[in-house]
Structures are given as structure tokens and as C-alpha cells.
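Asker: Got a structure for you, run21.tsv, holding TSV, N, CA and C atoms.
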```tsv
chain	number	residue	atom	x	y	z
A	1	LYS	N	123.37	122.24	104.01
A	1	LYS	CA	123.57	120.80	103.99
A	1	LYS	C	124.85	120.44	103.26
A	2	ASN	N	125.16	121.18	102.19
A	2	ASN	CA	126.36	120.87	101.42
A	2	ASN	C	127.63	121.06	102.25
A	3	LEU	N	127.69	122.15	103.04
A	3	LEU	CA	128.84	122.36	103.91
A	3	LEU	C	128.99	121.19	104.87
A	4	LEU	N	127.90	120.78	105.46
A	4	LEU	CA	127.92	119.67	106.41
A	4	LEU	C	128.39	118.40	105.73
A	5	LYS	N	127.90	118.12	104.55
A	5	LYS	CA	128.31	116.91	103.82
A	5	LYS	C	129.79	116.95	103.48
A	6	ASN	N	130.32	118.11	103.12
A	6	ASN	CA	131.75	118.23	102.83
A	6	ASN	C	132.60	118.01	104.07
A	7	LEU	N	132.14	118.51	105.20
A	7	LEU	CA	132.87	118.31	106.45
A	7	LEU	C	132.84	116.85	106.90
A	8	ILE	N	131.74	116.18	106.60
A	8	ILE	CA	131.62	114.76	106.94
A	8	ILE	C	132.67	113.95	106.20
A	9	LYS	N	132.91	114.30	104.93
A	9	LYS	CA	133.89	113.58	104.13
A	9	LYS	C	135.30	113.73	104.68
A	10	ALA	N	135.56	114.87	105.29
A	10	ALA	CA	136.87	115.11	105.90
A	10	ALA	C	136.87	114.46	107.28
A	11	ASN	N	137.98	114.55	107.96
A	11	ASN	CA	138.12	113.90	109.27
A	11	ASN	C	137.77	114.86	110.40
A	12	TYR	N	136.54	115.35	110.41
A	12	TYR	CA	136.11	116.27	111.45
A	12	TYR	C	135.11	115.59	112.37
A	13	LYS	N	135.07	116.10	113.59
A	13	LYS	CA	134.11	115.62	114.58
A	13	LYS	C	133.21	116.79	114.97
A	14	PHE	N	132.02	116.47	115.49
A	14	PHE	CA	131.01	117.49	115.72
A	14	PHE	C	130.43	117.46	117.13
A	15	TYR	N	130.16	118.66	117.62
A	15	TYR	CA	129.29	118.86	118.77
A	15	TYR	C	128.00	119.44	118.20
A	16	ILE	N	126.87	119.02	118.71
A	16	ILE	CA	125.60	119.57	118.26
A	16	ILE	C	124.95	120.29	119.43
A	17	PHE	N	124.55	121.53	119.21
A	17	PHE	CA	123.90	122.32	120.24
A	17	PHE	C	122.39	122.18	120.18
A	18	CYS	N	121.79	122.12	121.35
A	18	CYS	CA	120.35	122.15	121.58
A	18	CYS	C	119.71	120.77	121.48
A	19	TYR	N	119.22	120.30	122.58
A	19	TYR	CA	118.44	119.07	122.63
A	19	TYR	C	117.07	119.38	122.05
A	20	SER	N	116.78	118.85	120.86
A	20	SER	CA	115.48	119.12	120.24
A	20	SER	C	115.27	118.19	119.06
A	21	LYS	N	114.10	118.33	118.45
A	21	LYS	CA	113.82	117.54	117.25
A	21	LYS	C	114.76	117.95	116.11
A	22	PHE	N	115.30	119.16	116.17
A	22	PHE	CA	116.24	119.61	115.15
A	22	PHE	C	117.58	118.88	115.28
A	23	THR	N	117.95	118.57	116.50
A	23	THR	CA	119.15	117.77	116.73
A	23	THR	C	118.93	116.37	116.17
A	24	GLY	N	117.75	115.83	116.39
A	24	GLY	CA	117.41	114.51	115.84
A	24	GLY	C	117.50	114.52	114.32
A	25	ALA	N	117.01	115.58	113.69
A	25	ALA	CA	117.08	115.70	112.22
A	25	ALA	C	118.52	115.82	111.76
A	26	THR	N	119.34	116.57	112.50
A	26	THR	CA	120.76	116.71	112.14
A	26	THR	C	121.47	115.36	112.22
A	27	ILE	N	121.17	114.60	113.25
A	27	ILE	CA	121.76	113.26	113.39
A	27	ILE	C	121.35	112.39	112.21
A	28	LYS	N	120.10	112.51	111.80
A	28	LYS	CA	119.62	111.74	110.64
A	28	LYS	C	120.35	112.15	109.37
A	29	ILE	N	120.59	113.46	109.18
A	29	ILE	CA	121.32	113.94	108.01
A	29	ILE	C	122.75	113.39	108.00
A	30	LEU	N	123.35	113.31	109.18
A	30	LEU	CA	124.71	112.76	109.27
A	30	LEU	C	124.73	111.27	108.90
A	31	GLY	N	123.60	110.61	109.06
A	31	GLY	CA	123.45	109.23	108.63
A	31	GLY	C	124.50	108.29	109.19
A	32	SER	N	125.19	107.59	108.32
A	32	SER	CA	126.16	106.58	108.75
A	32	SER	C	127.40	107.21	109.37
A	33	ASN	N	127.51	108.51	109.34
A	33	ASN	CA	128.67	109.20	109.90
A	33	ASN	C	128.43	109.66	111.34
A	34	THR	N	127.44	109.11	111.99
A	34	THR	CA	127.12	109.55	113.34
A	34	THR	C	128.23	109.25	114.34
A	35	LYS	N	129.17	108.40	113.99
A	35	LYS	CA	130.30	108.15	114.90
A	35	LYS	C	131.17	109.40	115.04
A	36	LYS	N	130.96	110.38	114.18
A	36	LYS	CA	131.72	111.62	114.24
A	36	LYS	C	131.12	112.62	115.22
A	37	ILE	N	129.98	112.29	115.81
A	37	ILE	CA	129.35	113.17	116.79
A	37	ILE	C	129.96	112.88	118.16
A	38	ILE	N	130.50	113.93	118.78
A	38	ILE	CA	131.11	113.77	120.10
A	38	ILE	C	130.05	113.79	121.19
A	39	ALA	N	129.20	114.82	121.14
A	39	ALA	CA	128.17	114.96	122.17
A	39	ALA	C	127.16	116.00	121.74
A	40	ILE	N	126.06	116.04	122.47
A	40	ILE	CA	125.04	117.07	122.31
A	40	ILE	C	125.20	118.02	123.50
A	41	ILE	N	125.20	119.31	123.21
A	41	ILE	CA	125.38	120.30	124.27
A	41	ILE	C	124.07	121.02	124.53
A	42	ASP	N	123.70	121.11	125.80
A	42	ASP	CA	122.49	121.83	126.17
A	42	ASP	C	122.71	122.47	127.54
A	43	GLU	N	122.12	123.62	127.76
A	43	GLU	CA	122.29	124.35	129.02
A	43	GLU	C	121.33	123.88	130.11
A	44	ASN	N	120.36	123.06	129.77
A	44	ASN	CA	119.39	122.58	130.76
A	44	ASN	C	120.08	121.55	131.67
A	45	LYS	N	120.29	121.94	132.92
A	45	LYS	CA	121.03	121.08	133.85
A	45	LYS	C	120.31	119.76	134.12
A	46	HIS	N	119.01	119.68	133.85
A	46	HIS	CA	118.27	118.44	134.07
A	46	HIS	C	118.52	117.42	132.94
A	47	LEU	N	119.04	117.88	131.84
A	47	LEU	CA	119.34	116.99	130.71
A	47	LEU	C	120.78	116.47	130.73
A	48	VAL	N	121.67	117.21	131.38
A	48	VAL	CA	123.09	116.84	131.40
A	48	VAL	C	123.26	115.44	131.99
A	49	GLY	N	124.02	114.61	131.27
A	49	GLY	CA	124.27	113.24	131.71
A	49	GLY	C	123.32	112.23	131.08
A	50	LYS	N	122.21	112.70	130.54
A	50	LYS	CA	121.27	111.80	129.87
A	50	LYS	C	121.71	111.59	128.44
A	51	LYS	N	121.01	110.73	127.73
A	51	LYS	CA	121.34	110.46	126.34
A	51	LYS	C	120.15	110.78	125.44
A	52	PHE	N	120.48	111.16	124.21
A	52	PHE	CA	119.48	111.42	123.18
A	52	PHE	C	119.98	110.77	121.91
A	53	LYS	N	119.19	109.86	121.38
A	53	LYS	CA	119.56	109.12	120.16
A	53	LYS	C	120.93	108.44	120.33
A	54	GLY	N	121.25	108.06	121.57
A	54	GLY	CA	122.49	107.36	121.85
A	54	GLY	C	123.69	108.25	122.14
A	55	TYR	N	123.49	109.57	122.16
A	55	TYR	CA	124.59	110.50	122.41
A	55	TYR	C	124.42	111.18	123.75
A	56	LYS	N	125.53	111.32	124.45
A	56	LYS	CA	125.52	111.94	125.76
A	56	LYS	C	125.24	113.44	125.64
A	57	ILE	N	124.43	113.94	126.57
A	57	ILE	CA	124.14	115.37	126.64
A	57	ILE	C	125.07	115.96	127.71
A	58	VAL	N	125.81	116.98	127.31
A	58	VAL	CA	126.79	117.62	128.20
A	58	VAL	C	126.53	119.11	128.28
A	59	ASN	N	127.16	119.76	129.27
A	59	ASN	CA	127.05	121.21	129.34
A	59	ASN	C	128.22	121.84	128.59
A	60	LYS	N	128.20	123.15	128.41
A	60	LYS	CA	129.22	123.80	127.59
A	60	LYS	C	130.61	123.73	128.19
A	61	ASN	N	130.73	123.56	129.50
A	61	ASN	CA	132.06	123.44	130.10
A	61	ASN	C	132.80	122.21	129.60
A	62	PHE	N	132.05	121.17	129.25
A	62	PHE	CA	132.64	119.94	128.73
A	62	PHE	C	133.38	120.22	127.42
A	63	PHE	N	132.73	120.89	126.48
A	63	PHE	CA	133.36	121.10	125.19
A	63	PHE	C	134.50	122.11	125.26
A	64	ILE	N	134.41	123.08	126.16
A	64	ILE	CA	135.48	124.07	126.28
A	64	ILE	C	136.79	123.37	126.66
A	65	LYS	N	136.70	122.37	127.51
A	65	LYS	CA	137.90	121.63	127.94
A	65	LYS	C	138.37	120.67	126.87
A	66	LYS	N	137.46	120.15	126.05
A	66	LYS	CA	137.78	119.08	125.11
A	66	LYS	C	137.95	119.52	123.65
A	67	ALA	N	137.57	120.74	123.31
A	67	ALA	CA	137.56	121.19	121.91
A	67	ALA	C	138.96	121.11	121.28
A	68	ARG	N	139.01	120.64	120.06
A	68	ARG	CA	140.25	120.49	119.30
A	68	ARG	C	140.08	121.13	117.93
A	69	ASP	N	141.17	121.21	117.20
A	69	ASP	CA	141.15	121.83	115.87
A	69	ASP	C	140.24	121.11	114.88
A	70	ASN	N	140.07	119.81	115.03
A	70	ASN	CA	139.25	119.06	114.08
A	70	ASN	C	137.78	118.97	114.51
A	71	HIS	N	137.37	119.82	115.45
A	71	HIS	CA	135.99	119.82	115.93
A	71	HIS	C	135.21	120.98	115.33
A	72	TYR	N	133.99	120.70	114.94
A	72	TYR	CA	133.06	121.72	114.47
A	72	TYR	C	131.86	121.73	115.40
A	73	PHE	N	131.18	122.86	115.42
A	73	PHE	CA	130.05	123.05	116.32
A	73	PHE	C	128.81	123.37	115.50
A	74	ILE	N	127.83	122.50	115.57
A	74	ILE	CA	126.60	122.67	114.81
A	74	ILE	C	125.53	123.20	115.75
A	75	ILE	N	124.97	124.35	115.40
A	75	ILE	CA	123.85	124.90	116.17
A	75	ILE	C	122.59	124.50	115.42
A	76	ALA	N	121.86	123.53	115.96
A	76	ALA	CA	120.67	122.99	115.30
A	76	ALA	C	119.43	123.56	116.00
A	77	ASN	N	118.91	124.64	115.44
A	77	ASN	CA	117.78	125.30	116.06
A	77	ASN	C	116.99	126.04	114.99
A	78	HIS	N	115.84	126.55	115.35
A	78	HIS	CA	115.03	127.29	114.39
A	78	HIS	C	114.82	128.74	114.80
A	79	ARG	N	115.23	129.10	116.01
A	79	ARG	CA	115.03	130.46	116.50
A	79	ARG	C	116.31	131.28	116.35
A	80	ASP	N	116.22	132.37	115.60
A	80	ASP	CA	117.38	133.23	115.39
A	80	ASP	C	117.99	133.73	116.69
A	81	ILE	N	117.15	134.07	117.65
A	81	ILE	CA	117.65	134.61	118.91
A	81	ILE	C	118.50	133.56	119.65
A	82	THR	N	118.07	132.31	119.61
A	82	THR	CA	118.82	131.23	120.26
A	82	THR	C	120.12	130.94	119.50
A	83	ILE	N	120.03	130.89	118.20
A	83	ILE	CA	121.21	130.65	117.37
A	83	ILE	C	122.27	131.73	117.62
A	84	ASN	N	121.85	132.99	117.61
A	84	ASN	CA	122.80	134.09	117.82
A	84	ASN	C	123.40	134.08	119.22
A	85	LYS	N	122.61	133.72	120.23
A	85	LYS	CA	123.11	133.63	121.60
A	85	LYS	C	124.20	132.57	121.70
A	86	ILE	N	123.94	131.40	121.15
A	86	ILE	CA	124.92	130.31	121.20
A	86	ILE	C	126.16	130.68	120.40
A	87	TYR	N	125.96	131.28	119.23
A	87	TYR	CA	127.07	131.69	118.37
A	87	TYR	C	128.00	132.66	119.12
A	88	LYS	N	127.42	133.68	119.75
A	88	LYS	CA	128.22	134.66	120.50
A	88	LYS	C	128.93	134.01	121.66
A	89	ASP	N	128.26	133.08	122.33
A	89	ASP	CA	128.88	132.38	123.46
A	89	ASP	C	130.08	131.56	122.99
A	90	LEU	N	129.95	130.90	121.85
A	90	LEU	CA	131.07	130.14	121.31
A	90	LEU	C	132.25	131.05	120.98
A	91	LEU	N	131.97	132.17	120.35
A	91	LEU	CA	133.03	133.13	120.03
A	91	LEU	C	133.71	133.64	121.29
A	92	ASN	N	132.92	133.92	122.32
A	92	ASN	CA	133.48	134.40	123.59
A	92	ASN	C	134.33	133.35	124.29
A	93	ASN	N	134.12	132.09	123.95
A	93	ASN	CA	134.91	131.00	124.53
A	93	ASN	C	136.07	130.59	123.64
A	94	GLY	N	136.40	131.44	122.66
A	94	GLY	CA	137.59	131.22	121.85
A	94	GLY	C	137.41	130.30	120.66
A	95	ILE	N	136.18	129.98	120.29
A	95	ILE	CA	135.95	129.12	119.13
A	95	ILE	C	135.97	129.98	117.87
A	96	ASN	N	136.73	129.56	116.87
A	96	ASN	CA	136.83	130.27	115.61
A	96	ASN	C	135.48	130.24	114.90
A	97	SER	N	135.06	131.38	114.35
A	97	SER	CA	133.76	131.46	113.69
A	97	SER	C	133.64	130.49	112.50
A	98	LYS	N	134.76	130.13	111.91
A	98	LYS	CA	134.75	129.19	110.78
A	98	LYS	C	134.43	127.76	111.23
A	99	LYS	N	134.48	127.53	112.53
A	99	LYS	CA	134.20	126.21	113.09
A	99	LYS	C	132.75	126.08	113.56
A	100	ILE	N	131.96	127.11	113.35
A	100	ILE	CA	130.58	127.13	113.83
A	100	ILE	C	129.63	127.06	112.63
A	101	ILE	N	128.73	126.09	112.67
A	101	ILE	CA	127.75	125.91	111.60
A	101	ILE	C	126.37	126.22	112.17
A	102	LYS	N	125.72	127.21	111.58
A	102	LYS	CA	124.35	127.54	111.97
A	102	LYS	C	123.44	126.74	111.04
A	103	PHE	N	122.82	125.72	111.60
A	103	PHE	CA	122.00	124.81	110.81
A	103	PHE	C	120.54	125.07	111.16
A	104	LYS	N	119.92	125.97	110.41
A	104	LYS	CA	118.56	126.39	110.71
A	104	LYS	C	117.56	125.60	109.88
A	105	PHE	N	116.51	125.17	110.52
A	105	PHE	CA	115.47	124.39	109.86
A	105	PHE	C	114.28	125.24	109.54
```
Would you put the structure from the file into C-alpha cells?
Answerer:
Amino acid sequence: KNLLKNLIKANYKFYIFCYSKFTGATIKILGSNTKKIIAIIDENKHLVGKKFKGYKIVNKNFFIKKARDNHYFIIANHRDITINKIYKDLLNNGINSKKIIKFKF
């Protein structure tokens, strides 16, 4: 939580992975800084284009095209296997490991 709070104070924007109650909790932790959330990323094609808590759900191709230096990626999940899969996928798509936050509940 401390890392996330420090990043919020800086001028960073966030993508949150996984449509779930954990994403909802992460949004709540961000509190008044929710304008810094770009989108929620999920691989479920039936969710893409819908909204959750007011944020658009996109697929990973969206962030690959839009990712910038001031973007961080929050993996909000409780399953190690899912977290590690997403983490490896981000690395394979050229995202620096320092830009990935594993936020396990």
C-alpha cells in the first residue's frame, strides 16, 4: 500500500489488471486519485467495452499501444498463478518490471 500511495503522490497513471472485487478494493484505496486510472484490463472478451466502477474495461492490446513512461500496471488479484501469468505477459510485452505492482489481497 505504501508503494501505491507514493506513486499516487507523483504524476503517474495506472492500469489495473483483472475485473474483480480486488479491482474494486484497489479503486477504493486510490480514493480521490481515481482520475489517475486509465483503464481496467481483462482478457475476458465479453467484458471488453463495458465499465466497472466507471472505468472502461479493455484488452491487453489497448495498453500495449498506449503505454507511456508515466504509466504503472497494478495486478489486483489473490491467486499467485494468475499474478505470475500477467506479470510474465507484461514483461514479454516490453514493460519494465519496476512499472509492475503486484497488489495481492
Asker: Considering only N, CA and C atoms, can you say which of A:Gly24, A:Leu7, A:Ile29, A:Lys104 comes closest to Arg79 of chain A?
Answerer: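 Selected residue with least distance to Arg79 of chain A: A:Lys104.
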Asker: Would you please work out which residue, of A:Asn77, A:Thr82, A:Ser97, A:Asn92, is nearest to Thr23 of chain A when using all atoms listed in the file?
Answerer: A:Asn77
Asker: Place a sphere of radius 6 Å on (129.5, 121.4, 118.7) in the file coordinates and name every protein, DNA or RNA residue with an atom inside or on its surface, counting all atoms listed in the file; give the answer as an mmCIF file with N, CA and C atoms, in the frame of the given file.
Answerer:
```cif
data_model
loop_
_atom_site.group_PDB
_atom_site.id
_atom_site.type_symbol
_atom_site.label_atom_id
_atom_site.label_comp_id
_atom_site.auth_asym_id
_atom_site.auth_seq_id
_atom_site.Cartn_x
_atom_site.Cartn_y
_atom_site.Cartn_z
ATOM 1 N N PHE A 14 132.020 116.470 115.490
ATOM 2 C CA PHE A 14 131.010 117.490 115.720
ATOM 3 C C PHE A 14 130.430 117.460 117.130
ATOM 4 N N TYR A 15 130.160 118.660 117.620
ATOM 5 C CA TYR A 15 129.290 118.860 118.770
ATOM 6 C C TYR A 15 128.000 119.440 118.200
ATOM 7 N N ILE A 16 126.870 119.020 118.710
ATOM 8 C CA ILE A 16 125.600 119.570 118.260
ATOM 9 C C ILE A 16 124.950 120.290 119.430
ATOM 10 N N PHE A 17 124.550 121.530 119.210
ATOM 11 C CA PHE A 17 123.900 122.320 120.240
ATOM 12 C C PHE A 17 122.390 122.180 120.180
ATOM 13 N N TYR A 72 133.990 120.700 114.940
ATOM 14 C CA TYR A 72 133.060 121.720 114.470
ATOM 15 C C TYR A 72 131.860 121.730 115.400
ATOM 16 N N PHE A 73 131.180 122.860 115.420
ATOM 17 C CA PHE A 73 130.050 123.050 116.320
ATOM 18 C C PHE A 73 128.810 123.370 115.500
ATOM 19 N N ILE A 74 127.830 122.500 115.570
ATOM 20 C CA ILE A 74 126.600 122.670 114.810
ATOM 21 C C ILE A 74 125.530 123.200 115.750
#
```
Asker: May I have all residues of chain A that DSSP, computed from the backbone, assigns to helix (DSSP H, G or I), given as a PDB file with N, CA and C atoms, in the coordinates of the input?
Answerer:
```pdb
ATOM      1  N   ASN A   2     125.160 121.180 102.190  1.00  0.00           N
ATOM      2  CA  ASN A   2     126.360 120.870 101.420  1.00  0.00           C
ATOM      3  C   ASN A   2     127.630 121.060 102.250  1.00  0.00           C
ATOM      4  N   LEU A   3     127.690 122.150 103.040  1.00  0.00           N
ATOM      5  CA  LEU A   3     128.840 122.360 103.910  1.00  0.00           C
ATOM      6  C   LEU A   3     128.990 121.190 104.870  1.00  0.00           C
ATOM      7  N   LEU A   4     127.900 120.780 105.460  1.00  0.00           N
ATOM      8  CA  LEU A   4     127.920 119.670 106.410  1.00  0.00           C
ATOM      9  C   LEU A   4     128.390 118.400 105.730  1.00  0.00           C
ATOM     10  N   LYS A   5     127.900 118.120 104.550  1.00  0.00           N
ATOM     11  CA  LYS A   5     128.310 116.910 103.820  1.00  0.00           C
ATOM     12  C   LYS A   5     129.790 116.950 103.480  1.00  0.00           C
ATOM     13  N   ASN A   6     130.320 118.110 103.120  1.00  0.00           N
ATOM     14  CA  ASN A   6     131.750 118.230 102.830  1.00  0.00           C
ATOM     15  C   ASN A   6     132.600 118.010 104.070  1.00  0.00           C
ATOM     16  N   LEU A   7     132.140 118.510 105.200  1.00  0.00           N
ATOM     17  CA  LEU A   7     132.870 118.310 106.450  1.00  0.00           C
ATOM     18  C   LEU A   7     132.840 116.850 106.900  1.00  0.00           C
ATOM     19  N   ILE A   8     131.740 116.180 106.600  1.00  0.00           N
ATOM     20  CA  ILE A   8     131.620 114.760 106.940  1.00  0.00           C
ATOM     21  C   ILE A   8     132.670 113.950 106.200  1.00  0.00           C
ATOM     22  N   LYS A   9     132.910 114.300 104.930  1.00  0.00           N
ATOM     23  CA  LYS A   9     133.890 113.580 104.130  1.00  0.00           C
ATOM     24  C   LYS A   9     135.300 113.730 104.680  1.00  0.00           C
ATOM     25  N   LYS A  21     114.100 118.330 118.450  1.00  0.00           N
ATOM     26  CA  LYS A  21     113.820 117.540 117.250  1.00  0.00           C
ATOM     27  C   LYS A  21     114.760 117.950 116.110  1.00  0.00           C
ATOM     28  N   PHE A  22     115.300 119.160 116.170  1.00  0.00           N
ATOM     29  CA  PHE A  22     116.240 119.610 115.150  1.00  0.00           C
ATOM     30  C   PHE A  22     117.580 118.880 115.280  1.00  0.00           C
ATOM     31  N   THR A  23     117.950 118.570 116.500  1.00  0.00           N
ATOM     32  CA  THR A  23     119.150 117.770 116.730  1.00  0.00           C
ATOM     33  C   THR A  23     118.930 116.370 116.170  1.00  0.00           C
ATOM     34  N   GLY A  24     117.750 115.830 116.390  1.00  0.00           N
ATOM     35  CA  GLY A  24     117.410 114.510 115.840  1.00  0.00           C
ATOM     36  C   GLY A  24     117.500 114.520 114.320  1.00  0.00           C
ATOM     37  N   ALA A  25     117.010 115.580 113.690  1.00  0.00           N
ATOM     38  CA  ALA A  25     117.080 115.700 112.220  1.00  0.00           C
ATOM     39  C   ALA A  25     118.520 115.820 111.760  1.00  0.00           C
ATOM     40  N   THR A  26     119.340 116.570 112.500  1.00  0.00           N
ATOM     41  CA  THR A  26     120.760 116.710 112.140  1.00  0.00           C
ATOM     42  C   THR A  26     121.470 115.360 112.220  1.00  0.00           C
ATOM     43  N   ILE A  27     121.170 114.600 113.250  1.00  0.00           N
ATOM     44  CA  ILE A  27     121.760 113.260 113.390  1.00  0.00           C
ATOM     45  C   ILE A  27     121.350 112.390 112.210  1.00  0.00           C
ATOM     46  N   LYS A  28     120.100 112.510 111.800  1.00  0.00           N
ATOM     47  CA  LYS A  28     119.620 111.740 110.640  1.00  0.00           C
ATOM     48  C   LYS A  28     120.350 112.150 109.370  1.00  0.00           C
ATOM     49  N   ILE A  29     120.590 113.460 109.180  1.00  0.00           N
ATOM     50  CA  ILE A  29     121.320 113.940 108.010  1.00  0.00           C
ATOM     51  C   ILE A  29     122.750 113.390 108.000  1.00  0.00           C
ATOM     52  N   LEU A  30     123.350 113.310 109.180  1.00  0.00           N
ATOM     53  CA  LEU A  30     124.710 112.760 109.270  1.00  0.00           C
ATOM     54  C   LEU A  30     124.730 111.270 108.900  1.00  0.00           C
ATOM     55  N   GLY A  31     123.600 110.610 109.060  1.00  0.00           N
ATOM     56  CA  GLY A  31     123.450 109.230 108.630  1.00  0.00           C
ATOM     57  C   GLY A  31     124.500 108.290 109.190  1.00  0.00           C
ATOM     58  N   SER A  32     125.190 107.590 108.320  1.00  0.00           N
ATOM     59  CA  SER A  32     126.160 106.580 108.750  1.00  0.00           C
ATOM     60  C   SER A  32     127.400 107.210 109.370  1.00  0.00           C
ATOM     61  N   ASN A  33     127.510 108.510 109.340  1.00  0.00           N
ATOM     62  CA  ASN A  33     128.670 109.200 109.900  1.00  0.00           C
ATOM     63  C   ASN A  33     128.430 109.660 111.340  1.00  0.00           C
ATOM     64  N   THR A  34     127.440 109.110 111.990  1.00  0.00           N
ATOM     65  CA  THR A  34     127.120 109.550 113.340  1.00  0.00           C
ATOM     66  C   THR A  34     128.230 109.250 114.340  1.00  0.00           C
ATOM     67  N   LYS A  35     129.170 108.400 113.990  1.00  0.00           N
ATOM     68  CA  LYS A  35     130.300 108.150 114.900  1.00  0.00           C
ATOM     69  C   LYS A  35     131.170 109.400 115.040  1.00  0.00           C
ATOM     70  N   LYS A  36     130.960 110.380 114.180  1.00  0.00           N
ATOM     71  CA  LYS A  36     131.720 111.620 114.240  1.00  0.00           C
ATOM     72  C   LYS A  36     131.120 112.620 115.220  1.00  0.00           C
ATOM     73  N   LYS A  60     128.200 123.150 128.410  1.00  0.00           N
ATOM     74  CA  LYS A  60     129.220 123.800 127.590  1.00  0.00           C
ATOM     75  C   LYS A  60     130.610 123.730 128.190  1.00  0.00           C
ATOM     76  N   ASN A  61     130.730 123.560 129.500  1.00  0.00           N
ATOM     77  CA  ASN A  61     132.060 123.440 130.100  1.00  0.00           C
ATOM     78  C   ASN A  61     132.800 122.210 129.600  1.00  0.00           C
ATOM     79  N   PHE A  62     132.050 121.170 129.250  1.00  0.00           N
ATOM     80  CA  PHE A  62     132.640 119.940 128.730  1.00  0.00           C
ATOM     81  C   PHE A  62     133.380 120.220 127.420  1.00  0.00           C
ATOM     82  N   PHE A  63     132.730 120.890 126.480  1.00  0.00           N
ATOM     83  CA  PHE A  63     133.360 121.100 125.190  1.00  0.00           C
ATOM     84  C   PHE A  63     134.500 122.110 125.260  1.00  0.00           C
ATOM     85  N   ILE A  64     134.410 123.080 126.160  1.00  0.00           N
ATOM     86  CA  ILE A  64     135.480 124.070 126.280  1.00  0.00           C
ATOM     87  C   ILE A  64     136.790 123.370 126.660  1.00  0.00           C
ATOM     88  N   LYS A  65     136.700 122.370 127.510  1.00  0.00           N
ATOM     89  CA  LYS A  65     137.900 121.630 127.940  1.00  0.00           C
ATOM     90  C   LYS A  65     138.370 120.670 126.870  1.00  0.00           C
ATOM     91  N   LYS A  66     137.460 120.150 126.050  1.00  0.00           N
ATOM     92  CA  LYS A  66     137.780 119.080 125.110  1.00  0.00           C
ATOM     93  C   LYS A  66     137.950 119.520 123.650  1.00  0.00           C
ATOM     94  N   ASP A  80     116.220 132.370 115.600  1.00  0.00           N
ATOM     95  CA  ASP A  80     117.380 133.230 115.390  1.00  0.00           C
ATOM     96  C   ASP A  80     117.990 133.730 116.690  1.00  0.00           C
ATOM     97  N   ILE A  81     117.150 134.070 117.650  1.00  0.00           N
ATOM     98  CA  ILE A  81     117.650 134.610 118.910  1.00  0.00           C
ATOM     99  C   ILE A  81     118.500 133.560 119.650  1.00  0.00           C
ATOM    100  N   THR A  82     118.070 132.310 119.610  1.00  0.00           N
ATOM    101  CA  THR A  82     118.820 131.230 120.260  1.00  0.00           C
ATOM    102  C   THR A  82     120.120 130.940 119.500  1.00  0.00           C
ATOM    103  N   ILE A  83     120.030 130.890 118.200  1.00  0.00           N
ATOM    104  CA  ILE A  83     121.210 130.650 117.370  1.00  0.00           C
ATOM    105  C   ILE A  83     122.270 131.730 117.620  1.00  0.00           C
ATOM    106  N   ASN A  84     121.850 132.990 117.610  1.00  0.00           N
ATOM    107  CA  ASN A  84     122.800 134.090 117.820  1.00  0.00           C
ATOM    108  C   ASN A  84     123.400 134.080 119.220  1.00  0.00           C
ATOM    109  N   LYS A  85     122.610 133.720 120.230  1.00  0.00           N
ATOM    110  CA  LYS A  85     123.110 133.630 121.600  1.00  0.00           C
ATOM    111  C   LYS A  85     124.200 132.570 121.700  1.00  0.00           C
ATOM    112  N   ILE A  86     123.940 131.400 121.150  1.00  0.00           N
ATOM    113  CA  ILE A  86     124.920 130.310 121.200  1.00  0.00           C
ATOM    114  C   ILE A  86     126.160 130.680 120.400  1.00  0.00           C
ATOM    115  N   TYR A  87     125.960 131.280 119.230  1.00  0.00           N
ATOM    116  CA  TYR A  87     127.070 131.690 118.370  1.00  0.00           C
ATOM    117  C   TYR A  87     128.000 132.660 119.120  1.00  0.00           C
ATOM    118  N   LYS A  88     127.420 133.680 119.750  1.00  0.00           N
ATOM    119  CA  LYS A  88     128.220 134.660 120.500  1.00  0.00           C
ATOM    120  C   LYS A  88     128.930 134.010 121.660  1.00  0.00           C
ATOM    121  N   ASP A  89     128.260 133.080 122.330  1.00  0.00           N
ATOM    122  CA  ASP A  89     128.880 132.380 123.460  1.00  0.00           C
ATOM    123  C   ASP A  89     130.080 131.560 122.990  1.00  0.00           C
ATOM    124  N   LEU A  90     129.950 130.900 121.850  1.00  0.00           N
ATOM    125  CA  LEU A  90     131.070 130.140 121.310  1.00  0.00           C
ATOM    126  C   LEU A  90     132.250 131.050 120.980  1.00  0.00           C
ATOM    127  N   LEU A  91     131.970 132.170 120.350  1.00  0.00           N
ATOM    128  CA  LEU A  91     133.030 133.130 120.030  1.00  0.00           C
ATOM    129  C   LEU A  91     133.710 133.640 121.290  1.00  0.00           C
ATOM    130  N   ASN A  92     132.920 133.920 122.320  1.00  0.00           N
ATOM    131  CA  ASN A  92     133.480 134.400 123.590  1.00  0.00           C
ATOM    132  C   ASN A  92     134.330 133.350 124.290  1.00  0.00           C
ATOM    133  N   SER A  97     135.060 131.380 114.350  1.00  0.00           N
ATOM    134  CA  SER A  97     133.760 131.460 113.690  1.00  0.00           C
ATOM    135  C   SER A  97     133.640 130.490 112.500  1.00  0.00           C
ATOM    136  N   LYS A  98     134.760 130.130 111.910  1.00  0.00           N
ATOM    137  CA  LYS A  98     134.750 129.190 110.780  1.00  0.00           C
ATOM    138  C   LYS A  98     134.430 127.760 111.230  1.00  0.00           C
ATOM    139  N   LYS A  99     134.480 127.530 112.530  1.00  0.00           N
ATOM    140  CA  LYS A  99     134.200 126.210 113.090  1.00  0.00           C
ATOM    141  C   LYS A  99     132.750 126.080 113.560  1.00  0.00           C
TER     142      LYS A  99
END
```
Asker: Write down as a ChimeraX atom specification the residues belonging to segment 32-80 of chain A that are assigned strand (DSSP E or B) by DSSP computed on the backbone.
Answerer: /A:37-41,51-52,55-58,71-77
Asker: Report, in Å to a single decimal, how far apart atom CA of Leu90 of chain A and atom CA of Asp42 of chain A are.
Answerer: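 These atoms are spaced 12.9 Å apart.
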Asker: If we count only C-alpha atoms, what is near Cys18 of chain A at a cut-off of 9 Å, once residues fewer than 6 positions away on the same chain are taken out, given as a PyMOL selection string?
Answerer: chain A and resi 40-43+75-77
Asker: What gap, in Å, lies between atom CA of His71 of chain A and atom CA of His46 of chain A?
Answerer: 25.4 Å
Asker: Have a look at atom C of Thr26 of chain A and atom CA of Phe63 of chain A and let me know their distance in Å, one decimal.
Answerer: 18.5 Å
Asker: Taking only C-alpha atoms into account, which of A:Leu47, A:Tyr12, A:Ile57, A:Ser20 comes nearest Lys35 of chain A?
Answerer: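 Closest residue, counting only C-alpha atoms: A:Tyr12.
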Asker: Hey, which of A:Asn84, A:His78, A:Ile95, A:Asn70 ends up closest to Ile37 of chain A? Count only C-alpha atoms.
Answerer: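 With only C-alpha atoms as the atom set, the closest residue is A:Asn70.
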Asker: Box in all listed atoms of segment 29-44 of chain A, axis-aligned, with 6 Å more on each side; write out centre and edge lengths in Å to one decimal as lines of an AutoDock Vina configuration file.
Answerer:
```
center_x = 125.6
center_y = 115.5
center_z = 119.8
size_x = 24.3
size_y = 29.8
size_z = 35.7
```
